$ cat coords_5.txt   # compact mmCIF, C-alpha atoms and all ligand atoms
# COMPACT_ATOMS: atom_id res chain seq x y z
CA MET H 1085 -8.35 -11.97 2.40
CA PRO H 1086 -5.46 -14.23 1.82
CA ARG H 1087 -7.18 -17.58 1.84
CA GLY H 1088 -5.18 -20.70 2.16
CA SER H 1089 -2.02 -20.04 4.00
CA ALA H 1090 -3.75 -17.43 6.10
CA ARG H 1091 -7.17 -18.84 6.69
CA LEU H 1092 -6.88 -22.59 6.70
CA LYS H 1093 -3.58 -22.79 8.44
CA SER H 1094 -2.94 -20.79 11.52
CA GLY H 1095 0.79 -20.63 10.83
CA GLY H 1096 1.92 -17.61 12.79
CA ARG H 1097 3.25 -16.42 16.06
CA SER H 1098 1.36 -15.25 19.07
CA GLY H 1099 1.65 -11.63 20.11
CA VAL H 1100 0.01 -8.28 19.96
CA PRO H 1101 -1.67 -7.34 16.66
CA ASP H 1102 0.45 -5.24 14.32
CA LEU H 1103 -1.08 -1.80 14.78
CA GLY H 1104 0.64 -0.52 11.66
CA TRP H 1105 -2.41 1.44 10.56
CA PHE H 1106 -1.87 3.92 13.41
CA ALA H 1107 1.66 4.64 12.19
CA MET H 1108 2.60 8.32 11.82
CA ALA H 1109 4.28 9.40 8.60
CA TYR H 1110 8.05 9.36 9.05
CA ARG H 1111 11.16 9.88 6.94
CA ILE H 1112 14.74 8.79 7.51
CA ARG H 1113 17.60 11.05 6.45
CA PRO H 1114 21.37 10.99 7.03
CA ALA H 1115 22.52 12.96 10.10
CA THR H 1116 24.72 16.03 9.66
CA PRO H 1117 26.85 17.77 12.34
CA ALA H 1118 23.91 20.15 12.90
CA ASP H 1119 21.93 17.16 14.23
CA PHE H 1120 24.41 15.96 16.86
CA ASP H 1121 22.84 17.95 19.70
CA PHE H 1122 19.38 16.70 18.76
CA LEU H 1123 20.62 13.09 18.55
CA THR H 1124 22.09 13.46 22.03
CA ASP H 1125 18.82 14.92 23.36
CA VAL H 1126 16.67 12.20 21.91
CA VAL H 1127 18.78 9.37 23.34
CA LEU H 1128 18.67 11.11 26.71
CA GLU H 1129 14.90 11.67 26.62
CA ALA H 1130 14.12 8.13 25.45
CA THR H 1131 16.36 6.61 28.15
CA ARG H 1132 14.97 8.93 30.84
CA ALA H 1133 11.37 8.04 29.85
CA GLN H 1134 12.22 4.37 30.32
CA GLY H 1135 13.61 5.14 33.79
CA ARG H 1136 16.98 3.70 32.81
CA LEU H 1137 19.31 6.60 33.66
CA PRO H 1138 21.78 5.58 36.40
CA VAL H 1139 21.31 7.31 39.76
CA ASP H 1140 24.78 8.86 39.56
CA PHE H 1141 24.21 10.05 35.97
CA ASP H 1142 26.31 13.13 35.09
CA GLU H 1143 24.43 14.72 32.21
CA ALA H 1144 27.09 17.29 31.22
CA VAL H 1145 29.86 14.71 30.96
CA TRP H 1146 27.64 12.24 29.13
CA ARG H 1147 26.46 14.92 26.65
CA ALA H 1148 29.97 15.98 25.71
CA GLY H 1149 30.98 12.36 25.18
CA PHE H 1150 27.90 11.50 23.14
CA VAL H 1151 28.22 14.49 20.80
CA GLY H 1152 31.86 13.55 20.18
CA TRP H 1153 30.92 9.92 19.55
CA SER H 1154 28.18 11.01 17.10
CA ALA H 1155 30.81 12.96 15.14
CA GLU H 1156 33.02 9.84 14.96
CA LEU H 1157 30.08 7.65 13.92
CA ALA H 1158 29.05 10.05 11.17
CA GLU H 1159 32.52 9.57 9.65
CA GLY H 1160 32.43 5.77 10.06
CA PRO H 1161 30.93 2.96 7.98
CA SER H 1162 27.54 2.78 9.75
CA ALA H 1163 24.66 5.00 8.64
CA LEU H 1164 23.81 7.53 11.36
CA CYS H 1165 20.37 8.94 10.61
CA VAL H 1166 17.64 11.20 11.89
CA VAL H 1167 14.05 9.98 11.94
CA GLU H 1168 11.73 12.85 11.04
CA VAL H 1169 8.05 12.76 11.91
CA ASP H 1170 5.79 15.31 10.27
CA GLY H 1171 8.91 17.14 9.07
CA ARG H 1172 10.49 17.45 12.55
CA SER H 1173 13.45 15.58 13.98
CA ALA H 1174 12.02 12.91 16.28
CA GLY H 1175 14.46 10.04 16.50
CA ARG H 1176 17.88 8.52 15.96
CA LEU H 1177 18.70 5.48 13.86
CA ARG H 1178 22.06 3.82 13.32
CA VAL H 1179 22.43 0.88 10.94
CA SER H 1180 25.53 -0.95 9.66
CA ARG H 1181 25.53 -2.98 6.49
CA THR H 1182 28.13 -5.71 5.92
CA PRO H 1183 28.23 -8.52 3.36
CA GLU H 1184 27.13 -10.91 6.17
CA ALA H 1185 24.35 -8.95 7.90
CA VAL H 1186 22.31 -5.82 8.40
CA GLU H 1187 22.99 -4.58 11.95
CA LEU H 1188 20.60 -2.33 13.80
CA ASN H 1189 23.03 -0.54 16.09
CA GLY H 1190 20.51 1.77 17.68
CA ILE H 1191 17.00 3.16 17.39
CA GLN H 1192 15.70 5.80 19.82
CA LEU H 1193 12.46 7.73 19.34
CA HIS H 1194 11.38 10.78 21.30
CA PRO H 1195 8.69 9.73 23.85
CA SER H 1196 6.14 11.99 22.10
CA VAL H 1197 6.22 9.82 18.94
CA GLN H 1198 6.50 6.43 20.61
CA ASN H 1199 3.65 3.88 20.44
CA HIS H 1200 2.60 4.98 16.95
CA GLY H 1201 4.10 2.04 15.09
CA ILE H 1202 7.17 3.97 13.86
CA GLY H 1203 9.79 1.72 15.49
CA THR H 1204 7.93 -1.38 14.30
CA SER H 1205 7.69 0.00 10.80
CA ILE H 1206 11.39 0.93 10.61
CA ILE H 1207 12.40 -2.53 11.84
CA ALA H 1208 10.01 -4.17 9.39
CA GLU H 1209 11.74 -2.23 6.58
CA LEU H 1210 15.13 -3.44 7.79
CA GLN H 1211 13.76 -7.01 7.91
CA SER H 1212 12.62 -6.66 4.30
CA GLU H 1213 16.03 -5.32 3.29
CA ALA H 1214 17.85 -8.17 5.07
CA GLY H 1215 15.38 -10.73 3.67
CA ALA H 1216 15.87 -9.43 0.13
CA ARG H 1217 19.67 -9.63 0.56
CA GLY H 1218 19.47 -13.09 2.11
CA VAL H 1219 21.32 -11.99 5.27
CA PRO H 1220 20.16 -11.77 8.92
CA LEU H 1221 19.17 -8.59 10.75
CA GLU H 1222 21.09 -8.40 14.03
CA LEU H 1223 20.91 -6.19 17.09
CA HIS H 1224 22.01 -5.96 20.71
CA VAL H 1225 19.51 -5.20 23.46
CA GLU H 1226 20.40 -4.28 27.02
CA ARG H 1227 19.08 -6.78 29.52
CA ASN H 1228 17.66 -3.92 31.61
CA ASN H 1229 15.45 -2.77 28.73
CA PRO H 1230 12.41 -5.09 28.86
CA ASP H 1231 10.25 -2.83 26.64
CA ALA H 1232 12.71 -3.07 23.74
CA ARG H 1233 13.13 -6.79 24.38
CA ARG H 1234 9.36 -7.34 24.16
CA LEU H 1235 9.23 -5.44 20.85
CA TYR H 1236 12.03 -7.53 19.35
CA ASP H 1237 10.45 -10.76 20.57
CA ARG H 1238 7.17 -9.71 19.00
CA LEU H 1239 8.91 -8.91 15.71
CA GLY H 1240 10.32 -12.42 15.53
CA PHE H 1241 13.91 -11.90 16.76
CA THR H 1242 15.55 -14.70 18.70
CA LYS H 1243 18.42 -14.50 21.17
CA VAL H 1244 21.58 -15.93 19.64
CA GLY H 1245 24.17 -14.86 22.20
CA GLU H 1246 25.26 -12.53 24.97
CA ASP H 1247 27.67 -9.61 24.98
CA ARG H 1248 28.39 -8.31 28.52
CA GLU H 1249 25.11 -6.78 29.79
CA GLU H 1250 23.41 -7.12 26.38
CA ASP H 1251 21.64 -9.96 24.57
CA VAL H 1252 22.47 -10.45 20.89
CA MET H 1253 19.32 -11.01 18.84
CA GLN H 1254 18.83 -12.05 15.24
CA TRP H 1255 16.05 -12.20 12.68
CA SER H 1256 16.30 -13.93 9.31
CA LYS H 1257 13.78 -14.79 6.65
CA ALA H 1258 14.50 -18.50 7.09
CA SER H 1259 14.12 -18.39 10.88
CA HIS H 1260 10.96 -16.32 10.44
CA GLN H 1261 9.41 -18.86 8.04
CA ASN H 1262 10.58 -21.68 10.29
CA ARG H 1263 8.69 -20.08 13.16
CA LEU H 1264 5.58 -19.50 11.04
CA TRP H 1265 5.73 -23.00 9.60
CA ASP H 1266 6.99 -24.85 12.63
CA ALA H 1267 6.78 -28.57 13.49
CA ASP H 1268 3.35 -28.18 15.05
CA THR H 1269 1.91 -26.37 12.03
CA ALA H 1270 3.60 -28.79 9.63
CA GLN H 1271 2.05 -31.76 11.40
CA ARG H 1272 -1.40 -30.16 11.39
CA TYR H 1273 -1.07 -29.05 7.74
CA ASP H 1274 -2.12 -32.31 6.11
CA THR H 1275 -5.86 -33.04 6.15
CA PRO H 1276 -6.02 -36.01 3.75
CA GLY H 1277 -9.18 -36.06 1.65
CA THR H 1278 -10.66 -32.88 3.10
CA GLY H 1279 -10.28 -29.09 2.76
CA MET H 1280 -7.50 -28.23 0.36
CA PHE H 1281 -6.53 -31.92 0.25
CA ALA H 1282 -9.97 -32.90 -1.10
CA ASP H 1283 -10.01 -34.73 -4.45
CA SER H 1284 -12.32 -32.02 -5.77
CA VAL H 1285 -9.54 -29.43 -5.15
CA LEU H 1286 -6.47 -31.48 -5.98
CA GLY H 1287 -7.92 -33.36 -8.98
CA PRO H 1288 -8.32 -30.34 -11.30
CA THR H 1289 -5.09 -28.78 -9.96
CA VAL H 1290 -3.01 -31.85 -10.80
CA ASP H 1291 -4.78 -32.35 -14.16
CA ARG H 1292 -3.90 -28.81 -15.25
CA LEU H 1293 -0.31 -28.94 -13.99
CA ALA H 1294 0.33 -32.34 -15.61
CA GLU H 1295 -0.99 -31.00 -18.91
CA LEU H 1296 1.32 -27.97 -18.71
CA ALA H 1297 4.38 -30.04 -17.72
CA GLY H 1298 3.96 -32.26 -20.78
CA ASP H 1299 6.90 -34.63 -21.06
CA GLY H 1300 9.17 -32.40 -18.96
CA ARG H 1301 9.98 -31.91 -15.28
CA ALA H 1302 8.10 -29.69 -12.82
CA LEU H 1303 9.44 -27.51 -10.02
CA GLU H 1304 7.20 -26.41 -7.16
CA LEU H 1305 8.25 -23.22 -5.37
CA ALA H 1306 7.34 -23.39 -1.64
CA ILE H 1307 6.49 -27.06 -1.95
CA GLY H 1308 5.35 -27.35 1.68
CA THR H 1309 4.42 -30.88 2.70
CA GLY H 1310 3.91 -31.97 -0.91
CA ARG H 1311 0.12 -31.50 -1.04
CA VAL H 1312 0.27 -30.94 -4.83
CA ALA H 1313 3.73 -32.35 -5.62
CA ILE H 1314 3.00 -35.88 -4.41
CA PRO H 1315 -0.13 -36.50 -6.53
CA LEU H 1316 1.57 -34.78 -9.49
CA ALA H 1317 4.58 -37.11 -9.16
CA GLU H 1318 2.19 -40.06 -8.88
CA ARG H 1319 0.80 -38.93 -12.24
CA GLY H 1320 4.26 -39.57 -13.70
CA VAL H 1321 5.60 -36.00 -13.75
CA PRO H 1322 9.08 -35.75 -12.15
CA VAL H 1323 8.72 -33.05 -9.48
CA SER H 1324 11.39 -31.15 -7.51
CA GLY H 1325 10.83 -28.46 -4.91
CA ILE H 1326 12.18 -25.44 -3.05
CA GLU H 1327 11.08 -24.87 0.54
CA LEU H 1328 12.24 -22.57 3.34
CA SER H 1329 10.73 -24.37 6.34
CA THR H 1330 12.67 -27.42 7.52
CA ALA H 1331 9.61 -28.62 9.47
CA MET H 1332 7.49 -28.63 6.28
CA ILE H 1333 10.24 -30.56 4.45
CA GLU H 1334 10.39 -33.10 7.30
CA GLN H 1335 6.63 -33.59 7.05
CA LEU H 1336 6.98 -34.10 3.28
CA ARG H 1337 9.65 -36.70 3.98
CA THR H 1338 7.18 -38.79 5.97
CA LYS H 1339 5.35 -39.31 2.67
CA ALA H 1340 7.93 -39.10 -0.15
CA SER H 1341 11.66 -39.79 -0.26
CA GLU H 1342 14.40 -37.49 -1.54
CA ASP H 1343 14.70 -39.77 -4.59
CA THR H 1344 11.02 -39.38 -5.44
CA ILE H 1345 10.75 -35.63 -4.78
CA PRO H 1346 14.11 -33.85 -4.31
CA VAL H 1347 13.83 -30.59 -2.37
CA VAL H 1348 16.35 -27.79 -2.01
CA ALA H 1349 16.04 -25.95 1.31
CA GLY H 1350 16.08 -22.20 0.74
CA ASP H 1351 14.34 -19.10 -0.49
CA MET H 1352 12.23 -19.48 -3.62
CA SER H 1353 13.27 -16.05 -4.85
CA ALA H 1354 16.96 -16.98 -4.87
CA VAL H 1355 17.78 -20.70 -4.66
CA ARG H 1356 18.78 -22.66 -7.78
CA VAL H 1357 17.69 -26.27 -8.33
CA PRO H 1358 19.79 -28.36 -10.74
CA GLY H 1359 18.38 -29.12 -14.17
CA GLU H 1360 15.83 -27.64 -16.53
CA PHE H 1361 12.04 -27.66 -16.20
CA THR H 1362 9.05 -27.26 -18.50
CA LEU H 1363 6.86 -26.14 -15.59
CA VAL H 1364 7.41 -24.07 -12.46
CA TYR H 1365 4.39 -23.50 -10.21
CA LEU H 1366 3.63 -21.50 -7.07
CA VAL H 1367 0.18 -22.12 -5.68
CA TYR H 1368 -2.08 -21.37 -2.76
CA ASN H 1369 -1.35 -17.63 -2.56
CA THR H 1370 2.22 -18.28 -1.52
CA ILE H 1371 3.89 -15.60 -3.67
CA ALA H 1372 2.27 -13.16 -1.20
CA ASN H 1373 4.47 -14.60 1.57
CA LEU H 1374 7.26 -12.56 -0.01
CA LEU H 1375 6.72 -9.19 1.61
CA THR H 1376 8.32 -6.81 -0.88
CA GLN H 1377 7.79 -6.14 -4.57
CA GLU H 1378 11.54 -6.63 -5.06
CA GLU H 1379 11.41 -10.19 -3.68
CA GLN H 1380 8.30 -11.00 -5.68
CA VAL H 1381 9.99 -9.85 -8.91
CA ALA H 1382 13.09 -11.86 -7.91
CA CYS H 1383 10.83 -14.88 -7.54
CA PHE H 1384 9.57 -14.47 -11.13
CA ARG H 1385 13.18 -14.17 -12.30
CA ASN H 1386 14.12 -17.30 -10.38
CA ALA H 1387 11.23 -19.18 -11.99
CA ALA H 1388 12.47 -18.02 -15.41
CA ARG H 1389 16.01 -19.23 -14.63
CA HIS H 1390 14.68 -22.77 -14.17
CA LEU H 1391 12.54 -22.96 -17.31
CA SER H 1392 13.35 -24.11 -20.78
CA PRO H 1393 12.26 -21.61 -23.49
CA GLY H 1394 8.48 -21.75 -23.89
CA GLY H 1395 8.12 -23.25 -20.40
CA HIS H 1396 5.28 -22.25 -18.11
CA PHE H 1397 5.11 -20.53 -14.72
CA VAL H 1398 1.75 -20.97 -12.98
CA ILE H 1399 0.59 -18.81 -10.11
CA GLU H 1400 -2.53 -19.31 -8.00
CA LEU H 1401 -3.40 -16.15 -6.09
CA TRP H 1402 -6.34 -14.35 -4.49
CA VAL H 1403 -7.55 -11.00 -5.82
CA PRO H 1404 -7.06 -8.28 -3.15
CA GLU H 1405 -10.39 -7.52 -1.47
CA LEU H 1406 -10.00 -3.79 -1.04
CA ARG H 1407 -13.61 -3.28 -2.15
CA ARG H 1408 -14.57 -4.69 1.26
CA LEU H 1409 -12.60 -1.94 2.99
CA PRO H 1410 -14.71 1.20 3.55
CA PRO H 1411 -12.72 4.48 3.48
CA GLY H 1412 -11.01 5.11 6.80
CA THR H 1413 -11.48 1.51 7.99
CA PRO H 1414 -8.21 -0.40 8.19
CA ALA H 1415 -9.54 -3.90 8.82
CA THR H 1416 -12.12 -6.44 7.69
CA VAL H 1417 -13.65 -9.33 9.58
CA GLY H 1418 -13.21 -12.43 7.43
CA VAL H 1419 -14.73 -15.02 9.76
CA ALA H 1420 -16.67 -14.61 13.00
CA GLU H 1421 -17.79 -17.95 14.33
CA SER H 1422 -17.83 -19.70 17.65
CA GLY H 1423 -14.23 -20.26 18.71
CA TYR H 1424 -12.63 -18.44 15.77
CA ILE H 1425 -12.40 -14.85 14.55
CA LEU H 1426 -10.34 -13.75 11.59
CA LEU H 1427 -9.42 -10.10 11.26
CA ASP H 1428 -7.40 -8.79 8.31
CA THR H 1429 -5.61 -5.48 8.83
CA TYR H 1430 -4.37 -3.50 5.86
CA ASP H 1431 -1.48 -1.17 5.20
CA VAL H 1432 -2.52 0.01 1.75
CA LEU H 1433 0.69 2.01 1.20
CA LYS H 1434 2.86 -1.09 1.49
CA GLN H 1435 0.19 -3.42 0.06
CA HIS H 1436 0.49 -5.44 3.25
CA VAL H 1437 -2.30 -7.42 4.82
CA VAL H 1438 -1.84 -9.19 8.14
CA SER H 1439 -4.33 -11.90 9.00
CA HIS H 1440 -4.97 -12.18 12.73
CA HIS H 1441 -6.45 -15.53 13.69
CA PHE H 1442 -8.03 -15.50 17.15
CA HIS H 1443 -8.76 -19.01 18.45
CA PHE H 1444 -10.84 -19.35 21.62
CA ALA H 1445 -10.77 -22.61 23.53
CA GLU H 1446 -14.25 -23.82 24.44
CA GLY H 1447 -15.68 -21.84 27.33
CA SER H 1448 -12.61 -19.58 27.56
CA THR H 1449 -12.57 -15.80 27.22
CA GLN H 1450 -8.82 -15.90 26.43
CA ALA H 1451 -7.77 -16.14 22.79
CA GLU H 1452 -4.66 -17.54 21.20
CA LEU H 1453 -3.50 -15.23 18.41
CA PHE H 1454 -1.65 -16.23 15.24
CA GLN H 1455 -0.59 -13.71 12.63
CA THR H 1456 0.32 -14.23 8.98
CA PRO H 1457 1.70 -11.31 6.97
CA HIS H 1458 1.36 -11.01 3.18
CA ARG H 1459 2.02 -8.52 0.41
CA TYR H 1460 -1.03 -8.55 -1.83
CA ILE H 1461 -0.67 -8.18 -5.60
CA TRP H 1462 -3.15 -7.01 -8.20
CA PRO H 1463 -3.39 -9.19 -11.34
CA ALA H 1464 -2.06 -6.30 -13.44
CA GLU H 1465 0.99 -5.88 -11.19
CA LEU H 1466 1.59 -9.62 -11.37
CA ASP H 1467 1.57 -9.44 -15.18
CA LEU H 1468 4.13 -6.63 -15.08
CA MET H 1469 6.38 -8.66 -12.77
CA ALA H 1470 6.08 -11.51 -15.27
CA GLN H 1471 6.98 -9.18 -18.13
CA LEU H 1472 10.09 -7.97 -16.27
CA ALA H 1473 11.23 -11.58 -16.01
CA GLY H 1474 10.62 -12.37 -19.69
CA PHE H 1475 7.15 -13.96 -19.49
CA THR H 1476 3.90 -13.29 -21.27
CA LEU H 1477 0.45 -14.06 -19.87
CA GLU H 1478 -0.96 -17.07 -21.72
CA SER H 1479 -4.18 -17.55 -19.75
CA ARG H 1480 -5.94 -16.39 -16.62
CA GLN H 1481 -8.83 -18.38 -15.25
CA ALA H 1482 -10.84 -18.16 -12.05
CA ASP H 1483 -9.90 -21.69 -10.93
CA TRP H 1484 -8.15 -24.89 -11.95
CA SER H 1485 -11.22 -26.17 -13.81
CA GLY H 1486 -11.08 -23.31 -16.31
CA THR H 1487 -13.97 -21.11 -15.09
CA ALA H 1488 -13.79 -17.74 -16.86
CA PHE H 1489 -12.06 -15.01 -14.83
CA SER H 1490 -14.27 -11.98 -14.20
CA ALA H 1491 -14.23 -8.76 -12.18
CA ASP H 1492 -15.94 -10.67 -9.37
CA SER H 1493 -13.58 -13.65 -9.27
CA PRO H 1494 -12.06 -13.96 -5.79
CA SER H 1495 -8.91 -15.62 -7.11
CA HIS H 1496 -7.15 -16.68 -10.27
CA VAL H 1497 -4.88 -19.24 -11.82
CA SER H 1498 -2.50 -17.40 -14.15
CA VAL H 1499 -0.34 -19.23 -16.65
CA TYR H 1500 2.74 -17.38 -17.93
CA ARG H 1501 4.90 -18.57 -20.81
CA LEU H 1502 8.62 -17.84 -20.96
CA LEU H 1503 9.35 -16.07 -24.20
CA THR H 1504 12.04 -17.64 -26.33
CA GLY H 1505 15.35 -15.79 -26.44
CA ASN H 1506 15.52 -15.38 -22.63
C1 LIG H 1601 0.51 -22.32 2.34
S1 LIG H 1601 1.98 -23.26 2.33
C2 LIG H 1601 1.85 -23.92 0.70
C3 LIG H 1601 2.53 -25.23 0.56
C4 LIG H 1601 2.23 -25.95 -0.73
N1 LIG H 1601 2.67 -25.21 -1.89
C5 LIG H 1601 0.74 -26.27 -0.84
O1 LIG H 1601 0.13 -25.82 -1.80
O2 LIG H 1601 0.23 -26.96 0.03
C6 LIG H 1601 3.23 -22.02 2.18
C7 LIG H 1601 4.63 -22.57 2.19
O3 LIG H 1601 5.51 -21.58 1.69
C8 LIG H 1601 6.75 -21.71 2.33
N2 LIG H 1601 7.51 -20.47 2.09
C9 LIG H 1601 7.18 -19.23 2.52
N3 LIG H 1601 8.09 -18.33 2.07
C10 LIG H 1601 8.99 -19.04 1.35
C11 LIG H 1601 10.17 -18.67 0.63
N4 LIG H 1601 10.58 -17.40 0.57
N5 LIG H 1601 10.85 -19.64 -0.01
C12 LIG H 1601 10.44 -20.93 0.04
N6 LIG H 1601 9.35 -21.34 0.73
C13 LIG H 1601 8.63 -20.40 1.37
C14 LIG H 1601 6.33 -21.97 3.76
O4 LIG H 1601 7.41 -22.49 4.52
C15 LIG H 1601 5.20 -22.94 3.57
O5 LIG H 1601 5.64 -24.27 3.51
$ encode --input "coords_5.txt" --output "structure tokens" --more "lines below"
Ligand SMILES: C[S@@+](CC[C@H](N)C(=O)[O-])C[C@H]1O[C@@H](n2cnc3c(N)ncnc32)[C@H](O)[C@@H]1O
Amino acid sequence: MPRGSARLKSGGRSGVPDLGWFAMAYRIRPATPADFDFLTDVVLEATRAQGRLPVDFDEAVWRAGFVGWSAELAEGPSALCVVEVDGRSAGRLRVSRTPEAVELNGIQLHPSVQNHGIGTSIIAELQSEAGARGVPLELHVERNNPDARRLYDRLGFTKVGEDREEDVMQWSKASHQNRLWDADTAQRYDTPGTGMFADSVLGPTVDRLAELAGDGRALELAIGTGRVAIPLAERGVPVSGIELSTAMIEQLRTKASEDTIPVVAGDMSAVRVPGEFTLVYLVYNTIANLLTQEEQVACFRNAARHLSPGGHFVIELWVPELRRLPPGTPATVGVAESGYILLDTYDVLKQHVVSHHFHFAEGSTQAELFQTPHRYIWPAELDLMAQLAGFTLESRQADWSGTAFSADSPSHVSVYRLLTGN
């Protein structure tokens, strides 16, 4: 279970649990003229099932128009696709890709395959694509379609405008992280002297990082509120940071100035910080906040870009706990105590784990739900990512104090060295 960001901090949004494990197998393929009748049928059936056909609806006229429009779209710049479920056509998907955005122009599933997580899964893939490209995912939703609106709200879209009878909605990695790590979470993050801020945790962490930085500068990816960066800077190591959440940066600024710890706002897998470093570090399981392998590899490459030859990249990460997952069971209970239940749900195909934190107020039967999504990584996969970016594994230990790493270690501190000639 992704300790740290998931367990100790309930950074997340409220909503319905991601039921991804019930998802049916689907495939997306480009539409051909032979699909135009099906695409017309599926839009009609989906709209009819929602009770949104106008009373004076003329099906024959609409059909002819829609088939003709599909033919035009198939020739145009947007991708017009068929969603197949179990090898049969079951839905329509239209996506446009521009240098500025990924646009979801339409997604309609046949009623027989709705409520199986397919729409959620397709949108999650588009979010990953947009996140990896550093552009927003945009869509329009009709104001008379509350079901779709609820889905988009739940998936983290926010309304950014209006277009006649439609709302324009947008999702971006930055806005997503800003919602997960909002002002409230940022203010509650710091627990001086206790939990992950305890001297017993931070002491060995800072000792090890200071030793690896040597006489050079250190860069913390996802610096947060400066839990590690501030004591490391106090040790005399110049520290800079990258951070996506403006609320977390503001909380850091209540404790350290821009002169003491400069921070660049942006994505740790892409943003460049001026200067050269002997140490880059990414702790507290945070590489798993990047939800695709592509972004995680990009993060390694970004770390390499900042390092002088022979410099070190340190990752602290939990070992996936799939041994706790009996066959056919998609979830584990991490904590079950009065007032708090933690449930981790797995999508083992995507290597995704979503932590669902249920908080019950005293005496209440209602729970507040926060969710934190991660992509888990095996140590061996992490080493391969490092290799792709020009690193070699120098050491792997079970903790910051140097305990030997074993098959039973729940987490590890891995130190990679940038090979010379990169
Ligand atoms: C668990 S906190 C860790 C903060 C800090 N490193 C620590 O150890 O206390 C995770 C942080 O990662 C940040 N984050 C998540 N994804 C990010 C990304 N792609 N780029 C930069 N920061 C990111 C979040 O905004 C949050 O501040």
$ residues_near_ligand --input "coords_5.txt" --ligand "ligand LIG 1601 (chain H)" --cutoff "6 Å" --atoms "only C-alpha atoms and all ligand atoms" --output "PDB file with C-alpha atoms, in the frame of the given file"
ATOM      1  CA  GLY H1088      -5.180 -20.700   2.160  1.00  0.00           C
ATOM      2  CA  SER H1089      -2.020 -20.040   4.000  1.00  0.00           C
ATOM      3  CA  GLN H1261       9.410 -18.860   8.040  1.00  0.00           C
ATOM      4  CA  TRP H1265       5.730 -23.000   9.600  1.00  0.00           C
ATOM      5  CA  ALA H1306       7.340 -23.390  -1.640  1.00  0.00           C
ATOM      6  CA  ILE H1307       6.490 -27.060  -1.950  1.00  0.00           C
ATOM      7  CA  GLY H1308       5.350 -27.350   1.680  1.00  0.00           C
ATOM      8  CA  ARG H1311       0.120 -31.500  -1.040  1.00  0.00           C
ATOM      9  CA  VAL H1312       0.270 -30.940  -4.830  1.00  0.00           C
ATOM     10  CA  ILE H1326      12.180 -25.440  -3.050  1.00  0.00           C
ATOM     11  CA  GLU H1327      11.080 -24.870   0.540  1.00  0.00           C
ATOM     12  CA  LEU H1328      12.240 -22.570   3.340  1.00  0.00           C
ATOM     13  CA  SER H1329      10.730 -24.370   6.340  1.00  0.00           C
ATOM     14  CA  MET H1332       7.490 -28.630   6.280  1.00  0.00           C
ATOM     15  CA  GLY H1350      16.080 -22.200   0.740  1.00  0.00           C
ATOM     16  CA  ASP H1351      14.340 -19.100  -0.490  1.00  0.00           C
ATOM     17  CA  MET H1352      12.230 -19.480  -3.620  1.00  0.00           C
ATOM     18  CA  VAL H1367       0.180 -22.120  -5.680  1.00  0.00           C
ATOM     19  CA  TYR H1368      -2.080 -21.370  -2.760  1.00  0.00           C
ATOM     20  CA  THR H1370       2.220 -18.280  -1.520  1.00  0.00           C
ATOM     21  CA  ASN H1373       4.470 -14.600   1.570  1.00  0.00           C
ATOM     22  CA  LEU H1374       7.260 -12.560  -0.010  1.00  0.00           C
TER      23      LEU H1374
END
$ atom_distance --input "coords_5.txt" --atom1 "atom CA of H:Gln1471" --atom2 "atom CA of H:Thr1376"
17.5 Å
$ residues_around --input "coords_5.txt" --residues "H:Pro1195" --least-positions-apart "2" --cutoff "10 Å" --atoms "all atoms listed in the file" --output "number ranges by chain"
H: 1126, 1129-1134, 1174-1175, 1192-1193, 1197-1199
$ closest_residue --input "coords_5.txt" --among "H:His1194, H:His1458, H:Leu1477, H:Asp1483" --to "H:Ser1284" --atoms "all atoms listed in the file"
H:Asp1483
$ atom_distance --input "coords_5.txt" --atom1 "atom CA of H:Tyr1430" --atom2 "atom CA of H:Val1167"
23.6 Å
$ closest_residue --input "coords_5.txt" --among "H:Glu1334, H:Asp1251, H:Asp1431, H:Asp1343" --to "H:Pro1457" --atoms "only C-alpha atoms"
H:Asp1431
$ residues_around --input "coords_5.txt" --residues "H:Gln1380" --least-positions-apart "3" --cutoff "10 Å" --atoms "all atoms listed in the file" --output "list in words"
Ala1216, Met1352, Ser1353, Ile1371, Ala1372, Asn1373, Leu1374, Leu1375, Thr1376, Gln1377, Cys1383, Phe1384, Arg1385, Asn1386, Arg1459, Ile1461, Leu1466, Met1469 and Ala1470 of chain H
$ residues_around --input "coords_5.txt" --residues "H:Glu1249" --least-positions-apart "5" --cutoff "9 Å" --atoms "only C-alpha atoms" --output "mmCIF file with C-alpha atoms, in the coordinates of the input"
data_model
loop_
_atom_site.group_PDB
_atom_site.id
_atom_site.type_symbol
_atom_site.label_atom_id
_atom_site.label_comp_id
_atom_site.auth_asym_id
_atom_site.auth_seq_id
_atom_site.Cartn_x
_atom_site.Cartn_y
_atom_site.Cartn_z
ATOM 1 C CA VAL H 1225 19.510 -5.200 23.460
ATOM 2 C CA GLU H 1226 20.400 -4.280 27.020
ATOM 3 C CA ARG H 1227 19.080 -6.780 29.520
ATOM 4 C CA ASN H 1228 17.660 -3.920 31.610
#
$ residues_around --input "coords_5.txt" --residues "stretch 1117-1121 of chain H" --least-positions-apart "6" --cutoff "9 Å" --atoms "only C-alpha atoms" --output "PyMOL selection string"
chain H and resi 1147+1150-1152+1154-1155+1158+1166+1173
